[in-house]
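This report concerns only the one structure given below.
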Protein chains: 2
Amino acid sequence: MVTKRQATIADVARRAGVSTATAGRVLGGYGYSSGEKRDLVLKAAEDLGYRPNQLARSLITGRTRTIGFVAGDIQSPFFAKILRGVSDVLEPKGFGLLITNSDETVEGEMESIRLLSEKQVDGVILSPCDVEEAAHLRKLVQTTPMVLIDRQVADLDVDSVGVDSVAAAEACVRRLIAEGHRRIGMVAELQFGPWTDIESFVRMVRTNPDGIGAIYPSWQRFMGYVRAHDACDLPLDLSLIARVNSYSTEDTKATVLRLLGHPDGPSVLFTADGLMTEGTMMAIFERGLRIPDDISLVAFDDLDWMSFIGPGIDSIGQPRRKMGEAAARMLIERIGGFDGPPRREKLPVRDNRRGSVCVLATGRD
Amino acid sequence: MVTKRQATIADVARRAGVSTATAGRVLGGYGYSSGEKRDLVLKAAEDLGYRPNQLARSLITGRTRTIGFVAGDIQSPFFAKILRGVSDVLEPKGFGLLITNSDETVEGEMESIRLLSEKQVDGVILSPCDVEEAAHLRKLVQTTPMVLIDRQVADLDVDSVGVDSVAAAEACVRRLIAEGHRRIGMVAELQFGPWTDIESFVRMVRTNPDGIGAIYPSWQRFMGYVRAHDACDLPLDLSLIARVNSYSTEDTKATVLRLLGHPDGPSVLFTADGLMTEGTMMAIFERGLRIPDDISLVAFDDLDWMSFIGPGIDSIGQPRRKMGEAAARMLIERIGGFDGPPRREKLPVRDNRRGSVCVLATGRD
DNA sequence: ATGAAAGCGCTAACAT
DNA sequence: ATGTTAGCGCTTTCAT
């Protein structure tokens with residue numbers, strides 16, 4: 001069963017009685033070839049079961065028709081759906097897709113990039129795990145086209161796709177306020193970034209809103225939360241923020257349980273992403289609370305199950321598959337030589353209403 | 001910003017004042033080299049920011065340290081989790097992971113395999129979409145190590161990983177019977193395979209149980225269902241089988257709705273996989289039924305949300321990540337030259353009890 | 001221990 | 001239109 005040697009162009013050429021160049025031209029679909037020789041070559045290739053060796057081709061052309069994808073964690077539905085979009089665009093064009101996990105660590109990301117560059121990928125799609133420490137990305141981008149997904153990096157002018165998290169979160173929280181909610185809890189991982197304490201972040205949002213460069217989606221969503229409060233003159237109560245320490249459901253659950261234990265707790269919870277939502281659901285379940293009777297819930301990022309559990313969970317849905325498609329499309333354009341200025345594509349979100357938010361008051365009065 | 005040429009071994013050798021052979025030996029970690037030259041080369045490589053070109057190396061060694069994975073659909077949690085296991089084993093060993101979708105069509109699978117072989121992957125992990133029509137797989141396996149996941153193929157003697165679906169399903173249905181259920185509905189996609197009608201399949205299960213070769217997991221689970229009925233002397237009622245026509249939640253939902261509409265419907269539903277479960281949940285939700293008061297439910301394959309919705313869904317959990325790890329490990333062994341007989345690894349399932357099954361009677365009496 | 005030289009399988013100049 | 005000849009960047013004889 002061991003490795004039967006594959007036929008090469010030389011084998012085909014010999015059998016067809018032509019030069020390797022001619023065989024190559026026919027098989028590779030470049031240059032000229034007459035119908036007669038053409039048939040000979042094709043026949044010979046067929047007989048020998050010839051399959052081109054992309055490696056050899058790539059070595060000389062300098063293109064592998066393979067792109068790399070660095071995900072935080074492929075098993076999360078967020079990345080899995082994006083990946084599907086990427087692969088849908090890539091496969092019809094004959095591009096391969098090499099995937100790696102960064103596990104949201106800079107070391108993992110660097111390791112991934114090393115692997116991908118050694119394999120000579122034509123381009124990279126990645127969701128950077130650090131929006132500031134990005135020397136390795138800055139270096140990569142000098143030799144390889146790159147598209148960022150979900151997050152952006154400060155001072156790194158490359159194509160990116162994502163959604164307008166600030167606006168979406170603000171709209172969502174404004175709606176909660178309009179529906180009568182006054183104590184709105186937020187569940188988010190707000191660990192990294194230049195702000196050690198939330199207060200200074202809030203101050204910055206208020207004093208110098210445009211001075212904030214690239215920040216994590218979680219922070220952006222929190223920014224929207226703050227803005228909505230300010231716009232509606234609802235005072236912020238930071239004790240309503242469930243600030244999760246690590247990106248895990250267990251930690252989220254524990255943090256939310258603590259928040260729910262407070263005497264004057266929130267009437268609604270707003271979760272910053274899918275994982276936060278799962279942890280929050282666990283906490284709500286453990287406490288035996290019913291949605292929306294005991295507590296309301298809105299989630300950033302839509303998940304499959306939200307539509308088929310009673311009563312269904314309201315969510316802000318990101319077009320994950322489309323994001324993947326857009327990223328792949330932009331990357332292929334760059335690989336094809338497009339050299340315009342960096343594009344920051346923002347895709348529209350979906351506002352899914354399913355009845356997980358209790359209306360305490362009608363807005364207009 | 002365009003493509004700054006990468007330093008090659010020749011560049012490093014020149015700068016270090018040695019031959020390309022010596023530079024190669026140091027950088028590639030093969031052959032002999034004295035400490036002195038060694039340092040010179042390393043220094044030069046460092047200065048130039050040398051990165052090896054795996055392509056060139058692979059062309060000559062014949063190994064790419066890349067493996068291919070053909071999934072049905074990467075965005076499904078089933079494959080996403082398996083993929084994670086695969087990548088966990090691969091990354092530390094410096095292997096790349098090239099993924100493709102077959103979309104459960106033979107054409108897609110062939111296309112995937114073509115792409116992967118042209119990229120000269122060292123091995124392939126795949127979940128075959130047809131357990132019979134597999135000439136292309138038989139051909140592939142002559143040149144490339146392969147590990148099958150989830151499903152097996154008739155007359156294809158290669159390594160595989162999966163679970164014992166028949167036994168797991170039988171145990172599950174036996175339990176339902178022991179708990180007093182007499183009308184057990186099953187939701188499964190039972191379209192392909194040699195059986196056009198369920199009756200003849202049932203006959204075969206009963207008359208010649210070992211004569212059944214490789215069949216789809218869905219059929220295996222149905223086989224377990226039949227066996228449990230036979231073992232407990234509970235007559236089969238085929239009107240309780242929701243036989244879904246296509247692998248989609250919408251179709252599943254419609255089919256289950258029809259089943260639930262019957263006057264003498266099931267007291268419990270057993271779903272054959274994650275997608276069937278989702279469609280079933282939609283139908284249950286649409287009908288406004290409560291679990292387990294109005295209807296009980298057990299699912300094959302565990303999904304994230306099953307643990308945090310009230311009351312939680314009972315499930316048979318497959319060790320998806322472990323399956324991926326096992327597949328990757330076996331594949332790497334084969335690539336490393338292991339030449340023993342094909343191994344068919346069966347991993348144990350988990351029996352998750354969460355209260356979605358109503359106990360109608362206690363078994364012992 | 002090191003270097004010279006010959007490829008791996010293919011494409012790209014350059015002739016003809 | 002076809003063949004000849006050089007490589008792509010690396011590893012691997014084979015000398016020395």
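Naming scheme: A, B, ... for chains in displayed order of the structure tokens; residues 1 onward per chain; ligands 1 onward as shown.
Of the residues in segment 291-361 of chain B, those given strand (DSSP E) by DSSP on the backbone are Ser296, Leu297, Val298, Ala299, Phe300, Asp314, Ser315, Ile316, Gly317, Arg344, Glu345, Lys346, Leu347, Arg350, Asp351 and Asn352 of chain B.
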Taking 5 positions as the minimum chain separation for residues in the same chain, which residues sit within 10 Å of Val163 of chain B when counting only C-alpha atoms (C1' of nucleotides)? Answer as a PDB file with all heavy atoms, in the first residue's frame.
ATOM      1  N   ILE B 149     -13.234   9.303   9.844  1.00  0.00           N
ATOM      2  CA  ILE B 149     -13.786   9.737  11.109  1.00  0.00           C
ATOM      3  C   ILE B 149     -15.309   9.704  11.044  1.00  0.00           C
ATOM      4  O   ILE B 149     -15.895   9.981   9.999  1.00  0.00           O
ATOM      5  CB  ILE B 149     -13.241  11.150  11.459  1.00  0.00           C
ATOM      6  CG1 ILE B 149     -13.221  11.364  12.956  1.00  0.00           C
ATOM      7  CG2 ILE B 149     -13.999  12.241  10.741  1.00  0.00           C
ATOM      8  CD1 ILE B 149     -12.211  12.390  13.414  1.00  0.00           C
ATOM      9  N   ASP B 150     -15.919   9.259  12.112  1.00  0.00           N
ATOM     10  CA  ASP B 150     -17.375   9.188  12.239  1.00  0.00           C
ATOM     11  C   ASP B 150     -17.993   8.040  11.443  1.00  0.00           C
ATOM     12  O   ASP B 150     -18.830   7.311  11.949  1.00  0.00           O
ATOM     13  CB  ASP B 150     -18.017  10.522  11.831  1.00  0.00           C
ATOM     14  CG  ASP B 150     -19.499  10.580  12.159  1.00  0.00           C
ATOM     15  OD1 ASP B 150     -19.880  10.051  13.220  1.00  0.00           O
ATOM     16  OD2 ASP B 150     -20.274  11.142  11.372  1.00  0.00           O
ATOM     17  N   ARG B 151     -17.577   7.916  10.181  1.00  0.00           N
ATOM     18  CA  ARG B 151     -18.175   6.884   9.334  1.00  0.00           C
ATOM     19  C   ARG B 151     -17.114   5.954   8.776  1.00  0.00           C
ATOM     20  O   ARG B 151     -15.957   6.317   8.698  1.00  0.00           O
ATOM     21  CB  ARG B 151     -18.890   7.544   8.153  1.00  0.00           C
ATOM     22  CG  ARG B 151     -19.840   8.599   8.598  1.00  0.00           C
ATOM     23  CD  ARG B 151     -20.253   9.456   7.439  1.00  0.00           C
ATOM     24  NE  ARG B 151     -20.869  10.675   7.926  1.00  0.00           N
ATOM     25  CZ  ARG B 151     -21.193  11.692   7.151  1.00  0.00           C
ATOM     26  NH1 ARG B 151     -20.956  11.632   5.857  1.00  0.00           N
ATOM     27  NH2 ARG B 151     -21.743  12.769   7.669  1.00  0.00           N
ATOM     28  N   ALA B 168     -24.801   2.346  21.621  1.00  0.00           N
ATOM     29  CA  ALA B 168     -25.217   3.525  22.376  1.00  0.00           C
ATOM     30  C   ALA B 168     -26.704   3.796  22.189  1.00  0.00           C
ATOM     31  O   ALA B 168     -27.433   4.092  23.148  1.00  0.00           O
ATOM     32  CB  ALA B 168     -24.402   4.741  21.942  1.00  0.00           C
ATOM     33  N   PRO B 217     -24.030   6.455  10.261  1.00  0.00           N
ATOM     34  CA  PRO B 217     -24.336   6.539  11.689  1.00  0.00           C
ATOM     35  C   PRO B 217     -25.841   6.607  11.952  1.00  0.00           C
ATOM     36  O   PRO B 217     -26.326   5.994  12.898  1.00  0.00           O
ATOM     37  CB  PRO B 217     -23.624   7.814  12.122  1.00  0.00           C
ATOM     38  CG  PRO B 217     -22.463   7.913  11.204  1.00  0.00           C
ATOM     39  CD  PRO B 217     -22.950   7.386   9.887  1.00  0.00           C
ATOM     40  N   GLY B 317     -23.376  11.892  24.481  1.00  0.00           N
ATOM     41  CA  GLY B 317     -22.320  12.789  24.040  1.00  0.00           C
ATOM     42  C   GLY B 317     -21.169  12.046  23.381  1.00  0.00           C
ATOM     43  O   GLY B 317     -20.628  11.110  23.949  1.00  0.00           O
ATOM     44  N   GLN B 318     -20.803  12.473  22.189  1.00  0.00           N
ATOM     45  CA  GLN B 318     -19.637  11.888  21.543  1.00  0.00           C
ATOM     46  C   GLN B 318     -18.413  12.698  21.946  1.00  0.00           C
ATOM     47  O   GLN B 318     -18.478  13.919  21.995  1.00  0.00           O
ATOM     48  CB  GLN B 318     -19.766  11.939  20.022  1.00  0.00           C
ATOM     49  CG  GLN B 318     -20.937  11.163  19.471  1.00  0.00           C
ATOM     50  CD  GLN B 318     -20.833  11.013  17.958  1.00  0.00           C
ATOM     51  OE1 GLN B 318     -19.897  10.424  17.456  1.00  0.00           O
ATOM     52  NE2 GLN B 318     -21.794  11.557  17.236  1.00  0.00           N
ATOM     53  N   PRO B 319     -17.292  12.037  22.190  1.00  0.00           N
ATOM     54  CA  PRO B 319     -16.059  12.759  22.561  1.00  0.00           C
ATOM     55  C   PRO B 319     -15.402  13.332  21.318  1.00  0.00           C
ATOM     56  O   PRO B 319     -14.371  12.856  20.861  1.00  0.00           O
ATOM     57  CB  PRO B 319     -15.210  11.666  23.193  1.00  0.00           C
ATOM     58  CG  PRO B 319     -15.637  10.409  22.520  1.00  0.00           C
ATOM     59  CD  PRO B 319     -17.090  10.585  22.189  1.00  0.00           C
ATOM     60  N   ARG B 320     -16.014  14.382  20.780  1.00  0.00           N
ATOM     61  CA  ARG B 320     -15.600  14.889  19.479  1.00  0.00           C
ATOM     62  C   ARG B 320     -14.151  15.343  19.420  1.00  0.00           C
ATOM     63  O   ARG B 320     -13.416  15.026  18.490  1.00  0.00           O
ATOM     64  CB  ARG B 320     -16.532  16.034  19.074  1.00  0.00           C
ATOM     65  CG  ARG B 320     -17.945  15.550  18.862  1.00  0.00           C
ATOM     66  CD  ARG B 320     -18.911  16.681  18.785  1.00  0.00           C
ATOM     67  NE  ARG B 320     -18.996  17.387  20.063  1.00  0.00           N
ATOM     68  CZ  ARG B 320     -19.954  18.246  20.378  1.00  0.00           C
ATOM     69  NH1 ARG B 320     -20.916  18.502  19.511  1.00  0.00           N
ATOM     70  NH2 ARG B 320     -19.954  18.846  21.544  1.00  0.00           N
ATOM     71  N   MET B 323     -11.982  12.442  19.495  1.00  0.00           N
ATOM     72  CA  MET B 323     -12.012  11.735  18.214  1.00  0.00           C
ATOM     73  C   MET B 323     -11.038  12.388  17.245  1.00  0.00           C
ATOM     74  O   MET B 323     -10.290  11.705  16.533  1.00  0.00           O
ATOM     75  CB  MET B 323     -13.439  11.757  17.646  1.00  0.00           C
ATOM     76  CG  MET B 323     -14.406  10.811  18.353  1.00  0.00           C
ATOM     77  SD  MET B 323     -16.169  11.197  18.032  1.00  0.00           S
ATOM     78  CE  MET B 323     -16.297  10.858  16.286  1.00  0.00           C
ATOM     79  N   ARG B 344      -9.664   0.152  14.054  1.00  0.00           N
ATOM     80  CA  ARG B 344     -10.965   0.817  14.084  1.00  0.00           C
ATOM     81  C   ARG B 344     -11.234   1.205  15.527  1.00  0.00           C
ATOM     82  O   ARG B 344     -11.671   0.382  16.331  1.00  0.00           O
ATOM     83  CB  ARG B 344     -12.086  -0.081  13.579  1.00  0.00           C
ATOM     84  CG  ARG B 344     -11.653  -1.152  12.589  1.00  0.00           C
ATOM     85  CD  ARG B 344     -12.729  -1.425  11.558  1.00  0.00           C
ATOM     86  NE  ARG B 344     -12.304  -0.878  10.269  1.00  0.00           N
ATOM     87  CZ  ARG B 344     -12.904  -1.123   9.107  1.00  0.00           C
ATOM     88  NH1 ARG B 344     -13.989  -1.868   9.072  1.00  0.00           N
ATOM     89  NH2 ARG B 344     -12.464  -0.595   7.986  1.00  0.00           N
ATOM     90  N   GLU B 345     -10.899   2.413  15.845  1.00  0.00           N
ATOM     91  CA  GLU B 345     -11.010   2.853  17.236  1.00  0.00           C
ATOM     92  C   GLU B 345     -12.433   3.302  17.560  1.00  0.00           C
ATOM     93  O   GLU B 345     -13.004   4.134  16.863  1.00  0.00           O
ATOM     94  CB  GLU B 345     -10.021   3.982  17.495  1.00  0.00           C
ATOM     95  CG  GLU B 345      -9.551   4.037  18.935  1.00  0.00           C
ATOM     96  CD  GLU B 345      -8.264   4.838  19.086  1.00  0.00           C
ATOM     97  OE1 GLU B 345      -7.238   4.450  18.479  1.00  0.00           O
ATOM     98  OE2 GLU B 345      -8.280   5.855  19.805  1.00  0.00           O
ATOM     99  N   LYS B 346     -12.979   2.735  18.632  1.00  0.00           N
ATOM    100  CA  LYS B 346     -14.317   3.126  19.081  1.00  0.00           C
ATOM    101  C   LYS B 346     -14.164   3.816  20.426  1.00  0.00           C
ATOM    102  O   LYS B 346     -13.703   3.211  21.389  1.00  0.00           O
ATOM    103  CB  LYS B 346     -15.204   1.886  19.269  1.00  0.00           C
ATOM    104  CG  LYS B 346     -15.519   1.149  17.989  1.00  0.00           C
ATOM    105  CD  LYS B 346     -16.610   1.852  17.200  1.00  0.00           C
ATOM    106  CE  LYS B 346     -16.972   1.068  15.940  1.00  0.00           C
ATOM    107  NZ  LYS B 346     -17.461   1.958  14.873  1.00  0.00           N
ATOM    108  N   LEU B 347     -14.557   5.059  20.499  1.00  0.00           N
ATOM    109  CA  LEU B 347     -14.435   5.786  21.766  1.00  0.00           C
ATOM    110  C   LEU B 347     -15.744   5.716  22.542  1.00  0.00           C
ATOM    111  O   LEU B 347     -16.819   5.613  21.949  1.00  0.00           O
ATOM    112  CB  LEU B 347     -14.058   7.240  21.477  1.00  0.00           C
ATOM    113  CG  LEU B 347     -12.566   7.550  21.445  1.00  0.00           C
ATOM    114  CD1 LEU B 347     -11.769   6.470  20.731  1.00  0.00           C
ATOM    115  CD2 LEU B 347     -12.320   8.888  20.758  1.00  0.00           C
ATOM    116  N   PRO B 348     -15.651   5.744  23.868  1.00  0.00           N
ATOM    117  CA  PRO B 348     -16.875   5.645  24.672  1.00  0.00           C
ATOM    118  C   PRO B 348     -17.705   6.924  24.617  1.00  0.00           C
ATOM    119  O   PRO B 348     -17.164   8.021  24.514  1.00  0.00           O
ATOM    120  CB  PRO B 348     -16.337   5.423  26.089  1.00  0.00           C
ATOM    121  CG  PRO B 348     -14.977   6.027  26.083  1.00  0.00           C
ATOM    122  CD  PRO B 348     -14.435   5.843  24.690  1.00  0.00           C
ATOM    123  N   VAL B 349     -19.019   6.752  24.685  1.00  0.00           N
ATOM    124  CA  VAL B 349     -19.901   7.925  24.691  1.00  0.00           C
ATOM    125  C   VAL B 349     -20.227   8.304  26.125  1.00  0.00           C
ATOM    126  O   VAL B 349     -19.953   7.560  27.060  1.00  0.00           O
ATOM    127  CB  VAL B 349     -21.228   7.637  23.939  1.00  0.00           C
ATOM    128  CG1 VAL B 349     -20.956   7.347  22.486  1.00  0.00           C
ATOM    129  CG2 VAL B 349     -21.987   6.510  24.609  1.00  0.00           C
TER     130      VAL B 349
END
I need the chain C residues near chain A as a ChimeraX atom specification; criterion: at most 9 Å, counting only C-alpha atoms (C1' of nucleotides). /C:8-11
Requested write-out: C-alpha atoms (C1' of nucleotides) of the selected residues, as an mmCIF file, in the first residue's frame:
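The file below, again_10.cif, is the result:
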data_model
loop_
_atom_site.group_PDB
_atom_site.id
_atom_site.type_symbol
_atom_site.label_atom_id
_atom_site.label_comp_id
_atom_site.auth_asym_id
_atom_site.auth_seq_id
_atom_site.Cartn_x
_atom_site.Cartn_y
_atom_site.Cartn_z
ATOM 1 C "C1'" DC C 8 13.093 17.415 -6.647
ATOM 2 C "C1'" DG C 9 8.896 18.730 -10.601
ATOM 3 C "C1'" DC C 10 7.758 22.369 -12.603
ATOM 4 C "C1'" DT C 11 7.703 27.098 -15.362
#
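Here atom CA of Thr66 of chain A is placed at a distance of 13.5 Å from atom CA of Ile67 of chain B.
Proximity to chain B at a cut-off of 7 Å picks out DG9, DC10 and DT11 of chain D on chain D, counting only C-alpha atoms (C1' of nucleotides).
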Check: which chain B residues lie within 8 Å of chain A using only C-alpha atoms, as number ranges by chain: B: 1-5, 51-56, 58-59, 73-77, 80-81, 83-84, 87, 91, 94, 96-101, 115, 118-120, 141-144, 278, 281-282, 285, 305, 307-310
Extract, using only C-alpha atoms (C1' of nucleotides), all DNA, RNA and protein residues at most 6 Å from Phe69 of chain B, discarding same-chain residues fewer than 2 positions from it, and format them as an mmCIF file with C-alpha atoms, in the first residue's frame.
data_model
loop_
_atom_site.group_PDB
_atom_site.id
_atom_site.type_symbol
_atom_site.label_atom_id
_atom_site.label_comp_id
_atom_site.auth_asym_id
_atom_site.auth_seq_id
_atom_site.Cartn_x
_atom_site.Cartn_y
_atom_site.Cartn_z
ATOM 1 C CA ILE B 99 -9.350 22.050 5.475
ATOM 2 C CA VAL B 124 -5.881 12.921 5.000
ATOM 3 C CA ILE B 125 -8.567 12.739 7.646
ATOM 4 C CA LEU B 126 -12.042 12.557 6.245
#
Report, in Å to a single decimal, how far apart atom CA of Gly324 of chain A and atom CA of Gly123 of chain B are. 26.8 Å
What parts of segment 141-347 of chain B does DSSP call alpha helix (DSSP H)? I'd like the answer as a PyMOL selection string. chain B and resi 141-143+165-178+198-207+217-231+249-261+274-287+320-335
Surrounding residues of Pro292 of chain A excluding itself and chain neighbours under 3 positions, 12 Å, only C-alpha atoms (C1' of nucleotides), as a compact mmCIF listing (two decimals) with all heavy atoms, in the first residue's frame:
# COMPACT_ATOMS: atom_id res chain seq x y z
N SER A 267 -32.35 44.69 35.92
CA SER A 267 -33.61 44.14 35.42
C SER A 267 -33.37 43.45 34.08
O SER A 267 -34.19 42.70 33.60
CB SER A 267 -34.65 45.25 35.26
OG SER A 267 -34.21 46.19 34.30
N VAL A 268 -32.23 43.75 33.49
CA VAL A 268 -31.89 43.14 32.20
C VAL A 268 -30.38 42.98 32.10
O VAL A 268 -29.62 43.77 32.67
CB VAL A 268 -32.41 44.01 31.03
CG1 VAL A 268 -31.83 45.43 31.10
CG2 VAL A 268 -32.07 43.40 29.67
N LEU A 269 -29.96 41.95 31.38
CA LEU A 269 -28.53 41.74 31.17
C LEU A 269 -28.23 41.87 29.68
O LEU A 269 -28.97 41.40 28.83
CB LEU A 269 -28.11 40.34 31.64
CG LEU A 269 -28.10 40.10 33.15
CD1 LEU A 269 -27.73 38.64 33.44
CD2 LEU A 269 -27.12 41.06 33.84
N ILE A 284 -28.09 32.08 35.02
CA ILE A 284 -29.54 32.29 35.11
C ILE A 284 -30.25 30.96 35.39
O ILE A 284 -31.15 30.87 36.23
CB ILE A 284 -30.07 32.90 33.79
CG1 ILE A 284 -29.57 34.34 33.66
CG2 ILE A 284 -31.59 32.83 33.72
CD1 ILE A 284 -29.91 35.01 32.34
N LEU A 289 -33.89 31.36 37.50
CA LEU A 289 -34.64 32.53 37.02
C LEU A 289 -35.28 32.25 35.68
O LEU A 289 -34.73 31.52 34.85
CB LEU A 289 -33.70 33.74 36.89
CG LEU A 289 -32.97 34.16 38.17
CD1 LEU A 289 -31.99 35.29 37.87
CD2 LEU A 289 -33.97 34.57 39.25
N ILE A 295 -35.84 38.00 34.76
CA ILE A 295 -34.77 38.84 34.24
C ILE A 295 -34.83 38.85 32.72
O ILE A 295 -35.14 37.84 32.09
CB ILE A 295 -33.38 38.35 34.72
CG1 ILE A 295 -32.29 39.35 34.32
CG2 ILE A 295 -33.03 36.97 34.14
CD1 ILE A 295 -31.33 39.66 35.42
N SER A 296 -34.54 40.01 32.14
CA SER A 296 -34.50 40.11 30.67
C SER A 296 -33.08 39.88 30.20
O SER A 296 -32.13 39.97 30.97
CB SER A 296 -34.99 41.48 30.23
OG SER A 296 -36.34 41.68 30.59
N LEU A 297 -32.95 39.60 28.90
CA LEU A 297 -31.61 39.31 28.35
C LEU A 297 -31.52 39.71 26.88
O LEU A 297 -32.43 39.45 26.10
CB LEU A 297 -31.34 37.81 28.49
CG LEU A 297 -30.00 37.28 27.95
CD1 LEU A 297 -28.83 37.84 28.74
CD2 LEU A 297 -29.98 35.75 27.99
N VAL A 298 -30.44 40.38 26.54
CA VAL A 298 -30.12 40.63 25.13
C VAL A 298 -28.68 40.24 24.94
O VAL A 298 -27.83 40.58 25.77
CB VAL A 298 -30.17 42.12 24.74
CG1 VAL A 298 -30.28 42.24 23.22
CG2 VAL A 298 -31.27 42.85 25.42
N GLY A 310 -37.83 28.35 24.44
CA GLY A 310 -38.88 29.29 24.82
C GLY A 310 -38.31 30.22 25.85
O GLY A 310 -37.69 29.75 26.78
N PRO A 311 -38.47 31.52 25.76
CA PRO A 311 -39.15 32.30 24.74
C PRO A 311 -38.26 32.74 23.59
O PRO A 311 -38.67 33.56 22.80
CB PRO A 311 -39.57 33.53 25.55
CG PRO A 311 -38.42 33.73 26.48
CD PRO A 311 -37.89 32.36 26.81
N GLY A 312 -37.08 32.29 23.49
CA GLY A 312 -36.17 32.79 22.45
C GLY A 312 -35.42 33.99 22.99
O GLY A 312 -35.95 34.76 23.80
N ILE A 313 -34.19 34.14 22.58
CA ILE A 313 -33.35 35.20 23.14
C ILE A 313 -33.16 36.31 22.11
O ILE A 313 -32.84 36.04 20.95
CB ILE A 313 -31.97 34.63 23.54
CG1 ILE A 313 -32.11 33.41 24.47
CG2 ILE A 313 -31.10 35.72 24.16
CD1 ILE A 313 -32.76 33.73 25.80
N ASP A 314 -33.34 37.54 22.52
CA ASP A 314 -33.07 38.69 21.64
C ASP A 314 -31.57 38.80 21.42
O ASP A 314 -30.79 38.62 22.37
CB ASP A 314 -33.55 40.00 22.28
CG ASP A 314 -35.07 40.11 22.23
OD1 ASP A 314 -35.74 39.08 22.06
OD2 ASP A 314 -35.57 41.24 22.37
N ARG A 354 -37.04 38.33 20.02
CA ARG A 354 -37.71 37.05 20.23
C ARG A 354 -38.48 36.96 21.54
O ARG A 354 -38.99 35.91 21.90
CB ARG A 354 -36.69 35.91 20.17
CG ARG A 354 -35.90 35.85 18.88
CD ARG A 354 -35.03 34.63 18.81
NE ARG A 354 -34.34 34.53 17.54
CZ ARG A 354 -33.03 34.70 17.36
NH1 ARG A 354 -32.27 34.99 18.41
NH2 ARG A 354 -32.48 34.57 16.18
N GLY A 355 -38.43 38.05 22.27
CA GLY A 355 -39.24 38.04 23.48
C GLY A 355 -38.50 37.80 24.78
O GLY A 355 -39.11 37.42 25.78
N SER A 356 -37.18 38.01 24.79
CA SER A 356 -36.47 37.80 26.04
C SER A 356 -36.33 39.10 26.83
O SER A 356 -35.67 39.13 27.86
CB SER A 356 -35.09 37.20 25.77
OG SER A 356 -34.29 38.12 25.05
N VAL A 357 -36.93 40.18 26.29
CA VAL A 357 -36.86 41.44 27.01
C VAL A 357 -38.25 41.87 27.44
O VAL A 357 -39.17 41.98 26.63
CB VAL A 357 -36.23 42.55 26.14
CG1 VAL A 357 -36.35 43.90 26.82
CG2 VAL A 357 -34.78 42.23 25.85
N CYS A 358 -38.37 42.11 28.72
CA CYS A 358 -39.63 42.52 29.31
C CYS A 358 -39.81 44.02 29.08
O CYS A 358 -38.90 44.81 29.36
CB CYS A 358 -39.53 42.22 30.80
SG CYS A 358 -41.09 42.28 31.62
N VAL A 359 -40.95 44.42 28.54
CA VAL A 359 -41.18 45.85 28.32
C VAL A 359 -41.81 46.45 29.57
O VAL A 359 -42.92 46.11 29.96
CB VAL A 359 -42.12 46.08 27.11
CG1 VAL A 359 -42.33 47.56 26.89
CG2 VAL A 359 -41.52 45.45 25.86
N LEU A 360 -41.04 47.34 30.21
CA LEU A 360 -41.51 47.93 31.46
C LEU A 360 -42.27 49.22 31.24
O LEU A 360 -42.99 49.70 32.10
CB LEU A 360 -40.31 48.20 32.39
CG LEU A 360 -39.43 46.98 32.69
CD1 LEU A 360 -38.23 47.39 33.52
CD2 LEU A 360 -40.25 45.92 33.42
Compile the contact shell of DT4 of chain D as a list of chain:residue names: residues with an atom at most 10 Å away, counting only C-alpha atoms (C1' of nucleotides), same-chain residues fewer than 3 positions apart removed.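 Surrounding residues, per the criterion: A:Ser19, A:Ala21, C:DC14, C:DA15, C:DT16.
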Calculate how many Å separate atom CA of Asp47 of chain B from atom CA of Lys139 of chain A, rounding to one decimal.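 That distance, rounded to one decimal, is 14.8 Å.
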Tell me, as a list in words, which residues lie within 12 Å of DA15 of chain D, counting only C-alpha atoms (C1' of nucleotides); anything in the same chain fewer than 4 positions away does not count.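 Here the answer would be DT2, DG3, DA4 and DA5 of chain C.
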